[in-house]
Amino acid sequence: MIHDTQSRARKLAFGAAGTLLASAAFAAPAMAAEPPQVGHQVISFPQRDFVSATGYVQGVDAYVEVIRGGVPIAISTPVQPVDDPGTTGFDGLVEVNHPGGGCWSTTTGTPDIQPGDKVRVFQEQDDPTTPGVVDMIPVADDTTTTASVTAGSPVVSGLTVTVKGTAQTLNAAGEPTGTRIPIAQIEQRLINKDKFALNGRRDLRTPRDGTLTYDAPGSFNWTATITLKSTADVARVNASESRVLWLGRNPAASVESTIYEKGTDVIAGPAAPCTAPLQGTNTTPQAPVAPAQSLLPAASSVSAPVTPHSLIAFPSRDFISADGYTPGHDVVFSVLRGGTLVGQSDPVPVDDAGLAEVNHPGGGCFIAGTQTPNIQTGDVVRITDMTTLAAEETTVADVTVNKPTSPAGGTVSVTGTALNPDGTAMDLAQVEQRFVNPARFANGSRTLRAPTAGRSTLVAGATTGSWVATYTGLSSADVTKALGGETRAMWLGTAPAAGTELTIFELPDTLSGVLNGVMDGPTPPCTAPAE
């Protein structure tokens with residue numbers, strides 16, 4: 001992450017004059033576009049557990065994540081996009097588990113990438129449109145789904161080469177359907193370091209150099225056929241690596257691909273210099289266990305957060321962020337429910353910018369062998385400075401948001417709730433609603449928020465504690481971005497101007513209908529199982 005020397009969370013909330021500002025995201029970007037946006041390309045190599053991507057921003061760390069069944073199972077080390085000197089312009093190349101690139105986290109292990117696994121590449125940085133304010137925003141966030149394609153080894157008979165394989169679509173759960181992929185979306189290749197006499201190239205491709213057809217009507221089994229011109233190519237074919245490429249749902253866009261490889265050099269697991277063991281080779285499933293009450297630090301004092309401290313709960317992702325604390329001190333995060341400890345972190349060092357986080361890339365984790373707490377309304381989130389033993393805590397607020405709609409042209413409406421602990425309606429001065437999208441809205445920002453004078457309203461709904469946010473006068477593009485982005489409701493604390501405690505509720509994937517990375521449970525590289 002990129003940090004400023006001043007308190008990030010405080011500046012996320014306030015400008016110099018104390019005016020509340022938009023925070024698009026303090027966490028990893030949560031707006032994964034599938035397929036990837038134009039100009040980006042994400043390629044999954046499932047037989048080597050390798051990912052290659054291009055088009056990413058220079059100077060901003062990228063992360064690659066693998067998601068299976070809606071749950072992140074692996075994340076990479078930070079990867080700086082690099083250039084390919086053999087091409088024109090900056091390529092923004094990001095690779096994981098390949099020489100010269102990043103590696104899979106040793107905590108999660110190397111994922112055994114399978115058909116249906118989603119491969120996500122994301123970056124975040126400080127928003128340059130808000131100078132003087134550290135406003136962490138997603139700058140790129142793309143996803144592709146690993147296709148169900150296979151290829152066999154080539155078979156040579158005389159001068160005729162045949163390669164057989166399969167290509168079938170996936171259902172919403174990522175399971176093969178038995179229905180074939182359109183033939184225009186697949187390509188077969190034979191790769192050899194020596195050039196083939198047939199075409200003077202180091203690869204033979206079908207349909208370019210031969211034919212590629214399905215074996216029978218309705219079959220997902222395919223056959224590639226190439227007729228050689230010389231017996232000199234027979235040895236090259238027999239020594240070649242066989243591949244089948246899924247070219248994406250729109251091959252002309254060239255934004256996504258799956259490359260299945262078969263050859264003597266194609267090996268699953270970590271590729272040197274990476275060392276994270278292949279998942280499943282040395283791990284067993286772990287059951288969630290509540291941490292022992294004795295692990296709660298004996299605090300010298302307990303209070304609400306005080307300036308310049310900020311303590312922020314993200315219940316939809318079981319993530320906690322704290323800012324403005326003493327650099328170099330270790331802190332621990334605790335989650336209590338009815339006075340009982342349900343979550344306890346390892347000691348987390350406060351970084352040079354005063355930031356400490358748990359269950360988020362780059363931060364600490366809940367103790368391995370215990371559980372990642374399912375942070376809920378009413379839970380107490382505590383941070384304890386292990387040097388001073390002073391503790392501060394906030395109670396997770398009861399704020400929710402529903403899936404937005406567009407009831408009329410240029411209008412977006414979203415509802416939610418905001419309730420005090422006693423069930424009465426929360427003062428709406430303590431509430432803000434936001435849409436977040438990596439693509440900028442017409443206002444020049446990556447966020448829309450309500451209330452904003454002249455642009456949006458946030459008013460009480462018909463039932464106790466309900467509210468309605470309404471945006472009008474939006475372009476059709478902004479309507480699409482709002483409906484397809486991340487939807488949030490925020491409690492700004494009992495004293496919003498102080499910016500010392502917040503609850504940020506993000507509409508989860510299961511409710512939003514959008515893959516946005518908002519899911520309960522451990523976030524790689526953390527591994528404590530979900531409560």
# chains A, B, ... in the order shown; residues from 1 in each chain; ligands from 1
call {"tool": "residues_around", "arguments": {"residues": "A:Gln168", "least_positions_apart": "3", "cutoff": "12 Å", "atoms": "only C-alpha atoms", "output": "list in words"}}
result
Pro115, Gly116, Thr146, Ala147, Ser148, Val149, Thr150, Gly165, Asn171, Gly174, Glu175, Pro176, Thr177, Gly178, Thr179, Arg180, Ile181, Pro182, Ile183, Gln185, Ile186, Tyr214, Gly218, Ser219, Phe220, Asn221, Trp222 and Trp246 of chain A
call {"tool": "write_last_selection", "arguments": {"atoms": "C-alpha atoms", "output": "PDB file, in the first residue's frame"}}
result
ATOM      1  CA  PRO A 115     -11.203 -25.096 -14.119  1.00  0.00           C
ATOM      2  CA  GLY A 116     -13.698 -22.691 -12.583  1.00  0.00           C
ATOM      3  CA  THR A 146     -10.032 -20.564 -15.691  1.00  0.00           C
ATOM      4  CA  ALA A 147     -11.613 -22.470 -18.564  1.00  0.00           C
ATOM      5  CA  SER A 148     -12.258 -26.214 -18.732  1.00  0.00           C
ATOM      6  CA  VAL A 149      -9.981 -27.107 -21.644  1.00  0.00           C
ATOM      7  CA  THR A 150      -7.514 -29.967 -22.087  1.00  0.00           C
ATOM      8  CA  GLY A 165      -8.623 -32.622 -26.375  1.00  0.00           C
ATOM      9  CA  ASN A 171     -21.890 -23.203 -14.963  1.00  0.00           C
ATOM     10  CA  GLY A 174     -17.569 -23.214 -11.973  1.00  0.00           C
ATOM     11  CA  GLU A 175     -18.484 -26.821 -12.811  1.00  0.00           C
ATOM     12  CA  PRO A 176     -18.068 -28.278 -16.323  1.00  0.00           C
ATOM     13  CA  THR A 177     -21.414 -28.553 -18.096  1.00  0.00           C
ATOM     14  CA  GLY A 178     -20.693 -31.022 -20.906  1.00  0.00           C
ATOM     15  CA  THR A 179     -21.621 -28.284 -23.373  1.00  0.00           C
ATOM     16  CA  ARG A 180     -18.864 -27.358 -25.791  1.00  0.00           C
ATOM     17  CA  ILE A 181     -17.152 -23.995 -25.968  1.00  0.00           C
ATOM     18  CA  PRO A 182     -17.659 -22.192 -29.310  1.00  0.00           C
ATOM     19  CA  ILE A 183     -14.889 -23.376 -31.640  1.00  0.00           C
ATOM     20  CA  GLN A 185     -12.809 -19.426 -28.751  1.00  0.00           C
ATOM     21  CA  ILE A 186     -10.183 -22.174 -28.821  1.00  0.00           C
ATOM     22  CA  TYR A 214     -15.354 -30.984 -32.800  1.00  0.00           C
ATOM     23  CA  GLY A 218     -22.871 -31.728 -29.578  1.00  0.00           C
ATOM     24  CA  SER A 219     -19.532 -33.255 -28.545  1.00  0.00           C
ATOM     25  CA  PHE A 220     -17.018 -31.233 -26.515  1.00  0.00           C
ATOM     26  CA  ASN A 221     -14.165 -33.468 -27.743  1.00  0.00           C
ATOM     27  CA  TRP A 222     -12.074 -31.783 -30.421  1.00  0.00           C
ATOM     28  CA  TRP A 246      -9.201 -20.647 -24.535  1.00  0.00           C
TER      29      TRP A 246
END
call {"tool": "select_by_dssp", "arguments": {"residues": "stretch 443-490 of chain A", "states": "strand (DSSP E or B)", "output": "number ranges by chain"}}
result
A: 447-450, 452, 456-460, 466-471, 486-490
call {"tool": "write_last_selection", "arguments": {"atoms": "C-alpha atoms", "output": "CSV table (one decimal), in the first residue's frame"}}
result
chain,number,residue,atom,x,y,z
A,447,THR,CA,-16.9,7.4,-5.7
A,448,LEU,CA,-20.5,8.7,-5.6
A,449,ARG,CA,-21.7,9.5,-2.1
A,450,ALA,CA,-24.9,10.5,-0.5
A,452,THR,CA,-23.9,15.5,-1.5
A,456,SER,CA,-27.8,13.2,-4.0
A,457,THR,CA,-30.0,12.9,-0.9
A,458,LEU,CA,-30.1,10.6,2.1
A,459,VAL,CA,-33.4,10.6,3.9
A,460,ALA,CA,-35.3,8.5,6.4
A,466,SER,CA,-34.6,2.7,7.3
A,467,TRP,CA,-33.1,5.2,4.9
A,468,VAL,CA,-33.2,5.9,1.2
A,469,ALA,CA,-30.3,7.4,-0.9
A,470,THR,CA,-31.3,8.9,-4.2
A,471,TYR,CA,-29.0,10.1,-7.0
A,486,GLU,CA,-19.3,-1.7,-4.8
A,487,THR,CA,-22.1,-0.5,-2.6
A,488,ARG,CA,-21.4,0.7,0.9
A,489,ALA,CA,-23.1,2.1,4.0
A,490,MET,CA,-21.0,3.8,6.6
call {"tool": "atom_distance", "arguments": {"atom1": "atom CA of A:Pro72", "atom2": "atom CA of A:Asp49"}}
result
15.0 Å
call {"tool": "atom_distance", "arguments": {"atom1": "atom CA of A:Arg317", "atom2": "atom CA of A:Thr108"}}
result
17.9 Å
call {"tool": "select_by_dssp", "arguments": {"residues": "stretch 450-510 of chain A", "states": "helix (DSSP H, G or I)", "output": "PyMOL selection string"}}
result
chain A and resi 476-484+509-510
call {"tool": "residues_around", "arguments": {"residues": "A:Lys118", "least_positions_apart": "2", "cutoff": "8 Å", "atoms": "only C-alpha atoms", "output": "list of chain:residue names"}}
result
A:Val66, A:Ile67, A:Arg68, A:Gly116, A:Arg120, A:Thr143, A:Thr144, A:Thr145, A:Thr146
call {"tool": "residues_around", "arguments": {"residues": "stretch 265-281 of chain A", "least_positions_apart": "2", "cutoff": "12 Å", "atoms": "only C-alpha atoms", "output": "PyMOL selection string"}}
result
chain A and resi 45-51+73-77+95-114+191-192+239-243+259-263+283-285+525
call {"tool": "atom_distance", "arguments": {"atom1": "atom CA of A:Asn359", "atom2": "atom CA of A:Gly70"}}
result
16.9 Å
call {"tool": "residues_around", "arguments": {"residues": "A:Phe333", "least_positions_apart": "4", "cutoff": "12 Å", "atoms": "only C-alpha atoms", "output": "ChimeraX atom specification"}}
result
/A:295-297,311-313,318-322,341-350,356-359,363-367,372-373,380-386,391-394
call {"tool": "closest_residue", "arguments": {"among": "A:Asp194, A:Gly444, A:Glu506, A:Thr464", "to": "A:Lys403", "atoms": "only C-alpha atoms"}}
result
A:Glu506
call {"tool": "decode", "arguments": {"residues": "stretch 371-383 of chain A", "atoms": "N, CA, C and O atoms", "output": "tab-separated table (two decimals), in the first residue's frame"}}
result
chain	number	residue	atom	x	y	z
A	371	GLN	N	-9.60	-18.88	15.00
A	371	GLN	CA	-10.62	-18.63	14.00
A	371	GLN	C	-10.58	-17.17	13.57
A	371	GLN	O	-10.10	-16.31	14.29
A	372	THR	N	-11.08	-16.94	12.36
A	372	THR	CA	-11.35	-15.58	11.90
A	372	THR	C	-12.76	-15.24	12.34
A	372	THR	O	-13.72	-15.89	11.88
A	373	PRO	N	-12.96	-14.29	13.24
A	373	PRO	CA	-14.31	-14.04	13.76
A	373	PRO	C	-15.23	-13.51	12.68
A	373	PRO	O	-14.83	-12.72	11.83
A	374	ASN	N	-16.47	-13.94	12.73
A	374	ASN	CA	-17.50	-13.41	11.84
A	374	ASN	C	-18.02	-12.12	12.49
A	374	ASN	O	-18.99	-12.13	13.25
A	375	ILE	N	-17.34	-11.01	12.18
A	375	ILE	CA	-17.63	-9.74	12.87
A	375	ILE	C	-19.08	-9.32	12.58
A	375	ILE	O	-19.51	-9.27	11.43
A	376	GLN	N	-19.81	-9.02	13.64
A	376	GLN	CA	-21.24	-8.75	13.56
A	376	GLN	C	-21.60	-7.45	14.28
A	376	GLN	O	-20.83	-6.94	15.10
A	377	THR	N	-22.81	-6.98	13.97
A	377	THR	CA	-23.36	-5.84	14.70
A	377	THR	C	-23.33	-6.11	16.21
A	377	THR	O	-23.70	-7.20	16.65
A	378	GLY	N	-22.87	-5.15	16.98
A	378	GLY	CA	-22.82	-5.29	18.43
A	378	GLY	C	-21.51	-5.84	18.95
A	378	GLY	O	-21.24	-5.76	20.16
A	379	ASP	N	-20.69	-6.43	18.08
A	379	ASP	CA	-19.37	-6.89	18.52
A	379	ASP	C	-18.51	-5.69	18.91
A	379	ASP	O	-18.61	-4.62	18.31
A	380	VAL	N	-17.67	-5.89	19.89
A	380	VAL	CA	-16.72	-4.86	20.30
A	380	VAL	C	-15.37	-5.18	19.65
A	380	VAL	O	-14.84	-6.29	19.80
A	381	VAL	N	-14.86	-4.21	18.91
A	381	VAL	CA	-13.55	-4.33	18.27
A	381	VAL	C	-12.57	-3.51	19.09
A	381	VAL	O	-12.76	-2.31	19.31
A	382	ARG	N	-11.52	-4.17	19.59
A	382	ARG	CA	-10.57	-3.52	20.49
A	382	ARG	C	-9.16	-3.57	19.90
A	382	ARG	O	-8.79	-4.55	19.25
A	383	ILE	N	-8.39	-2.52	20.15
A	383	ILE	CA	-6.97	-2.49	19.82
A	383	ILE	C	-6.20	-2.20	21.10
A	383	ILE	O	-6.58	-1.29	21.85
